[in-house]
file data38.txt (compact mmCIF, C-alpha atoms)
# COMPACT_ATOMS: atom_id res chain seq x y z
CA MET A 40 199.29 101.83 -37.60
CA ALA A 41 200.22 105.27 -38.92
CA GLN A 42 199.06 108.27 -36.97
CA SER A 43 196.80 110.83 -38.59
CA GLN A 44 198.31 114.20 -37.81
CA THR A 45 195.91 117.13 -37.50
CA PRO A 46 197.40 120.59 -37.30
CA ALA A 47 195.99 123.21 -34.95
CA ARG A 48 196.21 126.87 -35.95
CA GLY A 49 196.95 129.37 -33.23
CA ASP A 50 193.93 131.15 -31.79
CA GLU A 51 191.50 129.63 -34.27
CA THR A 52 190.66 126.65 -32.06
CA ASN A 53 191.12 124.93 -28.77
CA VAL A 54 193.80 122.29 -29.33
CA LEU A 55 191.94 119.80 -27.12
CA ALA A 56 188.92 119.99 -29.43
CA HIS A 57 190.91 118.10 -32.07
CA LEU A 58 190.91 114.98 -29.88
CA ASP A 59 187.22 114.41 -30.72
CA THR A 60 187.75 114.64 -34.47
CA THR A 61 191.14 112.98 -34.96
CA ALA A 62 191.21 109.49 -36.43
CA MET A 63 192.12 106.78 -33.94
CA SER A 64 195.84 106.18 -33.87
CA GLY A 65 197.68 103.09 -32.76
CA LEU A 66 198.01 104.59 -29.28
CA TYR A 67 194.23 104.49 -28.78
CA TRP A 68 194.18 100.76 -29.52
CA TYR A 69 197.18 100.29 -27.23
CA LEU A 70 195.41 102.10 -24.36
CA ALA A 71 192.19 100.16 -24.96
CA LEU A 72 194.16 96.90 -24.88
CA LEU A 73 195.84 97.91 -21.61
CA ALA A 74 192.45 98.72 -20.09
CA CYS A 75 191.06 95.34 -21.12
CA ILE A 76 194.09 93.49 -19.76
CA GLY A 77 193.96 95.47 -16.53
CA GLY A 78 190.27 94.66 -16.05
CA PHE A 79 190.93 90.98 -16.77
CA LEU A 80 193.83 90.82 -14.32
CA PHE A 81 191.83 92.57 -11.61
CA GLY A 82 188.97 90.09 -12.00
CA TYR A 83 191.42 87.20 -12.19
CA ASP A 84 193.08 88.34 -8.96
CA THR A 85 189.69 88.52 -7.25
CA ALA A 86 188.78 85.04 -8.44
CA VAL A 87 191.97 83.16 -7.58
CA ILE A 88 193.58 84.96 -4.64
CA GLY A 89 191.61 82.96 -2.09
CA SER A 90 192.65 79.65 -3.64
CA VAL A 91 196.38 80.33 -3.31
CA LEU A 92 196.46 81.40 0.34
CA ASP A 93 196.97 77.83 1.54
CA PHE A 94 199.99 77.41 -0.74
CA ILE A 95 202.00 80.46 0.36
CA PRO A 96 205.32 78.93 1.49
CA TYR A 97 205.73 81.17 4.54
CA LYS A 98 203.63 82.30 7.47
CA LEU A 99 201.83 85.60 7.11
CA SER A 100 200.35 87.61 9.96
CA ASP A 101 196.66 88.49 9.87
CA PHE A 102 197.52 91.99 8.70
CA TRP A 103 199.68 90.88 5.79
CA THR A 104 197.23 88.16 4.79
CA GLY A 105 194.52 90.80 4.58
CA TYR A 106 196.79 93.16 2.69
CA LEU A 107 197.77 90.46 0.22
CA VAL A 108 194.11 89.84 -0.56
CA ALA A 109 192.83 93.42 -0.38
CA GLY A 110 195.78 95.41 -1.73
CA ALA A 111 194.35 95.62 -5.24
CA SER A 112 191.21 97.26 -3.85
CA LEU A 113 193.31 99.95 -2.20
CA GLY A 114 195.00 100.61 -5.54
CA ALA A 115 191.58 100.81 -7.19
CA ALA A 116 190.50 103.43 -4.64
CA VAL A 117 193.57 105.55 -5.42
CA GLY A 118 192.94 105.13 -9.13
CA ALA A 119 189.31 106.22 -8.78
CA LEU A 120 190.32 109.43 -7.01
CA ALA A 121 193.56 110.29 -8.81
CA VAL A 122 190.85 109.81 -13.95
CA THR A 123 196.07 110.52 -15.04
CA GLU A 124 198.55 112.57 -17.17
CA SER A 125 195.98 113.41 -19.81
CA PRO A 126 196.53 116.46 -22.06
CA ARG A 127 193.98 118.46 -20.06
CA TRP A 128 195.68 117.57 -16.75
CA LEU A 129 199.09 118.47 -18.17
CA ILE A 130 197.75 121.85 -19.29
CA GLN A 131 196.33 122.49 -15.83
CA GLN A 132 199.78 121.78 -14.35
CA GLY A 133 201.44 124.25 -16.73
CA ARG A 134 203.44 121.50 -18.50
CA TYR A 135 202.93 122.86 -22.01
CA ALA A 136 205.83 121.06 -23.70
CA ASP A 137 204.61 117.75 -22.28
CA THR A 138 201.08 118.58 -23.44
CA SER A 139 202.32 119.18 -26.99
CA GLU A 140 204.16 115.86 -26.92
CA ALA A 141 201.13 114.00 -25.53
CA LEU A 142 198.82 115.47 -28.17
CA GLY A 143 201.32 114.45 -30.84
CA LYS A 144 201.08 110.84 -29.68
CA LEU A 145 197.30 111.10 -30.00
CA GLY A 146 197.53 112.39 -33.57
CA VAL A 147 197.23 116.16 -32.97
CA ASP A 148 200.24 118.19 -34.11
CA VAL A 149 200.44 121.45 -32.11
CA THR A 150 203.15 123.79 -30.92
CA GLU A 151 203.86 124.74 -27.35
CA GLU A 152 202.55 128.23 -28.09
CA ASP A 153 199.24 126.75 -29.32
CA VAL A 154 198.98 124.90 -26.04
CA ARG A 155 199.71 128.05 -24.06
CA ARG A 156 196.89 129.92 -25.83
CA THR A 157 194.54 127.03 -25.11
CA ALA A 158 195.60 127.08 -21.46
CA ASP A 159 194.56 130.73 -21.21
CA LYS A 160 191.14 129.90 -22.67
CA ILE A 161 190.69 126.93 -20.34
CA GLU A 162 191.67 128.97 -17.30
CA LYS A 163 189.01 131.58 -18.05
CA ALA A 164 186.38 128.94 -18.80
CA GLU A 165 187.18 126.98 -15.65
CA GLU A 166 186.92 130.07 -13.47
CA GLU A 167 183.35 130.42 -14.66
CA GLN A 168 182.71 126.67 -14.28
CA ALA A 169 184.16 126.73 -10.77
CA ARG A 170 181.69 129.41 -9.79
CA ASP A 171 178.88 127.34 -11.34
CA ARG A 172 180.05 124.16 -9.57
CA LYS A 173 180.19 125.99 -6.25
CA ARG A 174 176.59 127.06 -6.73
CA LEU A 175 175.63 123.50 -7.69
CA TRP A 176 177.08 121.96 -4.50
CA THR A 177 173.87 122.75 -2.70
CA PRO A 178 172.79 121.12 0.58
CA GLY A 179 170.69 118.66 -1.42
CA VAL A 180 173.60 117.60 -3.63
CA LYS A 181 175.84 117.21 -0.58
CA ARG A 182 173.15 115.11 1.08
CA ALA A 183 172.89 112.95 -2.04
CA LEU A 184 176.67 112.41 -2.01
CA ALA A 185 176.57 111.46 1.68
CA VAL A 186 173.73 108.98 1.08
CA VAL A 187 175.52 107.37 -1.88
CA CYS A 188 178.81 107.13 0.01
CA VAL A 189 177.19 105.55 3.08
CA PHE A 190 175.28 103.17 0.80
CA PHE A 191 178.60 102.15 -0.75
CA VAL A 192 180.12 101.62 2.70
CA PHE A 193 177.29 99.30 3.71
CA GLN A 194 177.50 97.60 0.32
CA GLN A 195 181.03 96.48 1.20
CA ILE A 196 181.14 96.07 4.99
CA THR A 197 178.15 93.72 5.00
CA GLY A 198 180.52 91.12 3.60
CA ILE A 199 179.74 90.49 -0.06
CA ASN A 200 183.38 90.07 -1.04
CA VAL A 201 184.30 87.73 1.82
CA PRO A 202 182.95 84.64 -0.02
CA PHE A 203 184.71 85.73 -3.22
CA TYR A 204 188.10 86.71 -1.81
CA TYR A 205 188.34 84.14 0.98
CA GLY A 206 185.77 81.63 -0.27
CA PRO A 207 188.16 78.99 -1.68
CA GLN A 208 190.10 78.93 1.59
CA LEU A 209 187.09 79.06 3.90
CA LEU A 210 184.92 76.63 1.95
CA GLY A 211 187.84 74.27 1.35
CA ASP A 212 188.38 74.02 5.09
CA LEU A 213 184.67 73.53 5.71
CA PHE A 214 184.07 70.93 3.02
CA LYS A 215 187.21 68.81 3.09
CA ASN A 216 187.00 65.21 4.29
CA PRO A 217 189.38 63.54 6.74
CA GLY A 218 192.59 62.61 4.97
CA ASP A 219 192.15 65.14 2.14
CA THR A 220 195.33 66.86 1.04
CA ALA A 221 195.67 70.64 0.76
CA VAL A 222 195.19 70.32 -3.00
CA HIS A 223 191.91 68.43 -2.56
CA ALA A 224 190.67 71.01 -0.07
CA ALA A 225 191.66 73.88 -2.37
CA MET A 226 189.86 72.24 -5.32
CA ALA A 227 186.71 71.76 -3.23
CA GLY A 228 186.81 75.39 -2.15
CA LEU A 229 187.44 76.58 -5.69
CA ILE A 230 184.47 74.63 -7.04
CA ALA A 231 182.24 76.00 -4.28
CA ALA A 232 183.45 79.55 -4.99
CA ALA A 233 182.77 79.05 -8.71
CA ILE A 234 179.18 78.06 -7.89
CA LEU A 235 178.77 81.21 -5.81
CA GLY A 236 180.20 83.27 -8.68
CA ALA A 237 177.65 81.77 -11.08
CA VAL A 238 174.86 82.61 -8.62
CA ASN A 239 176.11 86.20 -8.55
CA VAL A 240 176.03 86.52 -12.34
CA VAL A 241 172.51 85.09 -12.71
CA ALA A 242 171.12 87.14 -9.83
CA THR A 243 172.66 90.34 -11.20
CA TYR A 244 170.71 89.81 -14.43
CA PHE A 245 167.44 89.65 -12.50
CA GLY A 246 168.44 92.65 -10.42
CA PHE A 247 168.75 94.87 -13.48
CA ARG A 248 165.50 93.51 -14.89
CA TRP A 249 163.59 94.32 -11.72
CA ILE A 250 165.15 97.58 -10.57
CA ASP A 251 162.91 99.78 -12.74
CA LYS A 252 159.89 97.60 -12.00
CA PHE A 253 160.06 97.54 -8.21
CA GLY A 254 162.24 100.60 -7.56
CA ARG A 255 165.65 101.19 -5.97
CA ARG A 256 164.51 101.55 -2.38
CA PRO A 257 162.26 98.43 -2.12
CA LEU A 258 164.81 96.28 -3.92
CA ALA A 259 167.64 97.47 -1.66
CA LEU A 260 165.56 96.84 1.47
CA ALA A 261 164.63 93.36 0.28
CA GLY A 262 168.25 92.66 -0.62
CA TYR A 263 169.57 93.57 2.81
CA ILE A 264 166.80 91.60 4.54
CA GLY A 265 167.80 88.52 2.55
CA MET A 266 171.48 89.15 3.30
CA ALA A 267 170.84 89.49 7.05
CA ILE A 268 168.77 86.31 7.24
CA PHE A 269 170.87 84.01 5.10
CA MET A 270 174.20 85.12 6.52
CA LEU A 271 172.80 83.93 9.84
CA VAL A 272 171.73 80.66 8.17
CA ALA A 273 175.27 80.13 6.90
CA ALA A 274 176.68 81.02 10.33
CA ALA A 275 174.42 78.42 11.96
CA GLY A 276 175.65 75.80 9.50
CA VAL A 277 179.29 76.62 10.24
CA ALA A 278 178.77 76.60 14.02
CA TRP A 279 176.45 73.67 14.63
CA LEU A 280 176.48 71.22 11.71
CA THR A 281 178.91 68.70 10.27
CA GLY A 282 179.23 66.58 7.17
CA THR A 283 176.75 66.84 4.30
CA PRO A 284 174.15 68.90 6.23
CA LYS A 285 176.84 71.47 6.92
CA VAL A 286 177.81 71.66 3.25
CA VAL A 287 174.18 72.06 2.15
CA VAL A 288 173.22 74.69 4.73
CA VAL A 289 176.38 76.77 4.26
CA MET A 290 176.11 76.72 0.46
CA VAL A 291 172.40 77.57 0.54
CA GLY A 292 173.04 80.39 3.02
CA PHE A 293 175.92 81.87 1.04
CA SER A 294 174.10 81.44 -2.28
CA ILE A 295 170.96 83.28 -1.19
CA PHE A 296 173.07 85.89 0.61
CA ILE A 297 174.92 86.58 -2.65
CA ALA A 298 171.73 86.47 -4.72
CA SER A 299 170.08 88.98 -2.35
CA PHE A 300 173.05 91.31 -2.75
CA ALA A 301 173.17 90.98 -6.53
CA MET A 302 169.45 91.53 -7.02
CA GLY A 303 168.91 94.32 -4.53
CA VAL A 304 172.15 95.98 -3.48
CA GLY A 305 175.02 95.58 -5.93
CA GLY A 306 173.59 97.31 -8.98
CA THR A 307 171.49 99.75 -6.95
CA GLY A 308 174.48 101.61 -5.54
CA TRP A 309 176.12 102.09 -8.92
CA LEU A 310 172.80 103.16 -10.47
CA LEU A 311 172.20 105.72 -7.73
CA GLN A 312 175.69 107.06 -8.29
CA GLY A 313 174.76 107.91 -11.87
CA GLU A 314 171.30 109.38 -11.37
CA VAL A 315 171.27 111.53 -8.23
CA PHE A 316 173.84 114.20 -9.14
CA PRO A 317 173.58 117.17 -11.52
CA THR A 318 175.60 116.70 -14.69
CA ALA A 319 178.08 119.47 -13.86
CA VAL A 320 179.27 117.77 -10.64
CA ARG A 321 178.51 114.15 -11.51
CA GLY A 322 182.08 113.24 -12.45
CA ARG A 323 183.60 114.45 -9.20
CA ALA A 324 180.78 113.07 -7.07
CA ALA A 325 180.87 109.69 -8.82
CA ALA A 326 184.64 109.46 -8.39
CA THR A 327 184.25 110.19 -4.68
CA GLY A 328 181.62 107.48 -4.34
CA ALA A 329 183.75 104.94 -6.20
CA GLY A 330 186.74 105.78 -4.03
CA VAL A 331 184.69 105.30 -0.86
CA ASN A 332 183.44 101.97 -2.19
CA TRP A 333 186.95 100.60 -2.75
CA ILE A 334 188.26 101.93 0.56
CA ALA A 335 185.39 100.24 2.42
CA ASN A 336 186.08 97.02 0.53
CA PHE A 337 189.76 97.21 1.45
CA ALA A 338 188.95 97.87 5.10
CA LEU A 339 186.74 94.81 5.52
CA ILE A 340 188.92 92.42 3.54
CA GLU A 341 192.01 93.64 5.40
CA ALA A 342 190.32 93.21 8.79
CA PHE A 343 188.67 89.84 8.10
CA PRO A 344 191.59 87.51 9.03
CA ALA A 345 192.10 89.28 12.35
CA MET A 346 188.35 89.22 13.08
CA GLN A 347 188.17 85.52 12.26
CA HIS A 348 191.02 84.68 14.60
CA ALA A 349 189.67 86.92 17.35
CA ILE A 350 186.04 85.79 17.51
CA GLY A 351 185.73 82.88 15.08
CA LEU A 352 184.06 82.64 11.68
CA PRO A 353 180.46 82.11 12.92
CA TRP A 354 180.57 85.26 15.05
CA VAL A 355 182.12 87.27 12.21
CA MET A 356 179.14 86.19 10.09
CA VAL A 357 176.77 87.30 12.84
CA VAL A 358 178.45 90.72 12.89
CA LEU A 359 178.02 90.98 9.10
CA SER A 360 174.34 90.11 9.48
CA MET A 361 173.91 92.85 12.09
CA LEU A 362 175.53 95.33 9.70
CA SER A 363 172.91 94.38 7.11
CA LEU A 364 170.24 95.26 9.67
CA LEU A 365 171.89 98.67 10.17
CA ALA A 366 171.86 99.12 6.39
CA ILE A 367 168.09 98.45 6.39
CA GLY A 368 167.60 101.20 8.96
CA PHE A 369 169.75 103.61 6.97
CA ILE A 370 167.88 102.97 3.70
CA ALA A 371 164.49 103.24 5.38
CA LYS A 372 165.38 106.63 6.84
CA PHE A 373 167.60 108.32 4.26
CA LEU A 374 167.21 106.79 0.77
CA PRO A 375 164.30 108.23 -1.25
CA GLU A 376 162.81 106.39 -4.19
CA THR A 377 164.19 107.72 -7.50
CA LYS A 378 162.44 105.38 -9.95
CA GLY A 379 160.97 107.24 -12.91
CA LEU A 380 162.36 110.63 -11.87
CA SER A 381 164.55 112.90 -13.98
CA VAL A 382 167.88 114.13 -12.63
CA GLU A 383 166.32 117.50 -11.85
CA GLU A 384 163.47 115.85 -9.94
CA VAL A 385 165.87 113.63 -7.99
CA VAL A 386 167.98 116.66 -7.03
CA GLN A 387 164.82 118.44 -5.89
CA VAL A 388 163.87 115.47 -3.69
CA PHE A 389 167.24 115.64 -1.93
CA GLU A 390 166.96 119.43 -1.63
CA GLU A 391 163.62 119.07 0.14
CA GLU A 392 164.98 116.39 2.46
CA ALA A 393 168.02 118.55 3.25
CA ALA A 394 165.75 121.48 4.06
CA GLU A 395 163.60 119.28 6.33
CA SER A 396 166.65 117.99 8.18
CA HIS A 397 167.64 121.57 9.08
CA LEU A 398 164.24 122.44 10.55
CA GLN A 399 164.35 122.92 14.29
CA PRO A 400 161.81 121.06 16.48
CA GLY A 401 158.55 122.94 16.43
CA ALA A 402 159.51 125.07 13.42
CA ALA A 403 156.99 125.47 10.65
CA ARG A 404 157.61 123.33 7.62
CA PRO A 405 157.79 125.02 4.20
CA ALA A 406 154.69 124.76 2.10
call {"tool": "encode", "arguments": {"input": "data38.txt", "output": "structure tokens"}}
result
Amino acid sequence: MAQSQTPARGDETNVLAHLDTTAMSGLYWYLALLACIGGFLFGYDTAVIGSVLDFIPYKLSDFWTGYLVAGASLGAAVGALAVTESPRWLIQQGRYADTSEALGKLGVDVTEEDVRRTADKIEKAEEEQARDRKRLWTPGVKRALAVVCVFFVFQQITGINVPFYYGPQLLGDLFKNPGDTAVHAAMAGLIAAAILGAVNVVATYFGFRWIDKFGRRPLALAGYIGMAIFMLVAAAGVAWLTGTPKVVVVMVGFSIFIASFAMGVGGTGWLLQGEVFPTAVRGRAAATGAGVNWIANFALIEAFPAMQHAIGLPWVMVVLSMLSLLAIGFIAKFLPETKGLSVEEVVQVFEEEAAESHLQPGAARPA
């Protein structure tokens, strides 16, 4: 596809402004295709990594097993914190020739001198924006960021991705019959994991239908209560049952655990991330939250094999249930309800809570 070249004329315009008006070139379609393929491969890795662990032809330590499964999450965390060599980033680094070349690939024909003039404009504008952003990072906004980040940590360390990443291996071992080959066990685990994935999709639909009806806080509390209870149910099945009763109890426990997460916890964190920050700092705050989310996911998935070998799967599940109880306490104390509030109203709620938290015992509360 031919590129549509748009000239920029000296001081008359900001060269980056042309990116919004230039016709889409072949590079845009190429980048969109890469993004789609990357998303597909990430999801594919999540879905199948657990089913191949039994077929690795060499022995891996607990650490390297965890890293093999969780490594993509670590990369996602870096990617969330690092949004690439875009024209704006190149300008900020003083790489004007590279900026001109990058804009040319995107269909904007500019000289290095045009880029330099734009850099001067951006520098002045960003000095003013930096002062504004500094004023916007108020105690309330910082409190909101802390609440979102801790929510994301609990979202991951309570174990939602254990059934997805390790499910085929764990469930294959639990459900296989005497005399089954490794292939039969892997197939049984894969089918069980597929059922859990379907439960997750259906429950997520209901979560987004109900979140504005019941509110973020009640739905999150209910979600963690369900997770705490039914992780214990699944743990009891693993520890004390055998045969068909074991299969039924473990699958019911895991299914309702996942449904509780999907309806009350999964979407809630990402929704909070988008509605509790002022627009001017939302990008940076959201990137921080996403990075924390992926790091927490990596930490649990990396640690899971060692935890399983150290204390056994049932006790690991008990620990995850206890973490859900801690999440309930955190939400009850620190997460305000934001349903039906504008961004400005949400920010004000966090400002008031931040002010209250700094009051000394016995001090008068503000009117």
call {"tool": "closest_residue", "arguments": {"input": "data38.txt", "among": "A:Tyr97, A:Phe193, A:Phe81, A:Phe337", "to": "A:Gly368", "atoms": "all atoms listed in the file"}}
result
A:Phe193
call {"tool": "closest_atom_pairs", "arguments": {"input": "data38.txt", "of": "stretch 178-226 of chain A", "to": "stretch 237-259 of chain A", "cutoff": "12 Å", "atoms": "only C-alpha atoms", "output": "CSV"}}
result
residue,atom,partner,partner_atom,distance
A:Phe190,CA,A:Ala259,CA,9.8
A:Phe191,CA,A:Ala259,CA,12.0
A:Phe193,CA,A:Ala259,CA,11.2
A:Gln194,CA,A:Ala259,CA,10.1
A:Ile199,CA,A:Asn239,CA,10.2
A:Asn200,CA,A:Asn239,CA,11.1
A:Pro202,CA,A:Asn239,CA,11.0
A:Phe203,CA,A:Asn239,CA,10.1
call {"tool": "write_last_selection", "arguments": {"input": "data38.txt", "atoms": "C-alpha atoms", "output": "PDB file, keeping the file's coordinate frame"}}
result
ATOM      1  CA  PHE A 190     175.280 103.170   0.800  1.00  0.00           C
ATOM      2  CA  PHE A 191     178.600 102.150  -0.750  1.00  0.00           C
ATOM      3  CA  PHE A 193     177.290  99.300   3.710  1.00  0.00           C
ATOM      4  CA  GLN A 194     177.500  97.600   0.320  1.00  0.00           C
ATOM      5  CA  ILE A 199     179.740  90.490  -0.060  1.00  0.00           C
ATOM      6  CA  ASN A 200     183.380  90.070  -1.040  1.00  0.00           C
ATOM      7  CA  PRO A 202     182.950  84.640  -0.020  1.00  0.00           C
ATOM      8  CA  PHE A 203     184.710  85.730  -3.220  1.00  0.00           C
TER       9      PHE A 203
END
call {"tool": "residues_around", "arguments": {"input": "data38.txt", "residues": "stretch 102-119 of chain A", "least_positions_apart": "6", "cutoff": "7 Å", "atoms": "all atoms listed in the file", "output": "JSON, numbers by chain"}}
result
{"A": [88, 204, 326, 329, 330, 333, 334, 336, 337, 340, 341, 342, 343, 344]}
call {"tool": "residues_around", "arguments": {"input": "data38.txt", "residues": "stretch 212-221 of chain A", "least_positions_apart": "2", "cutoff": "8 Å", "atoms": "all atoms listed in the file", "output": "list in words"}}
result
Asp93, Gln208, Leu209, Leu210, His223, Ala224, Ala225, Ala227, Gly228, Val277, Gly282 and Val286 of chain A
call {"tool": "residues_around", "arguments": {"input": "data38.txt", "residues": "A:Val187", "least_positions_apart": "3", "cutoff": "9 Å", "atoms": "only C-alpha atoms", "output": "ChimeraX atom specification"}}
result
/A:182-184,190-192,308-309,311-312,315,328,374
call {"tool": "residues_around", "arguments": {"input": "data38.txt", "residues": "A:Val291", "least_positions_apart": "3", "cutoff": "9 Å", "atoms": "all atoms listed in the file", "output": "ChimeraX atom specification"}}
result
/A:269,272-273,286-288,294-296
call {"tool": "atom_distance", "arguments": {"input": "data38.txt", "atom1": "atom CA of A:Val186", "atom2": "atom CA of A:Gly262"}}
result
17.3 Å
call {"tool": "atom_distance", "arguments": {"input": "data38.txt", "atom1": "atom CA of A:Gly77", "atom2": "atom CA of A:Trp128"}}
result
22.2 Å
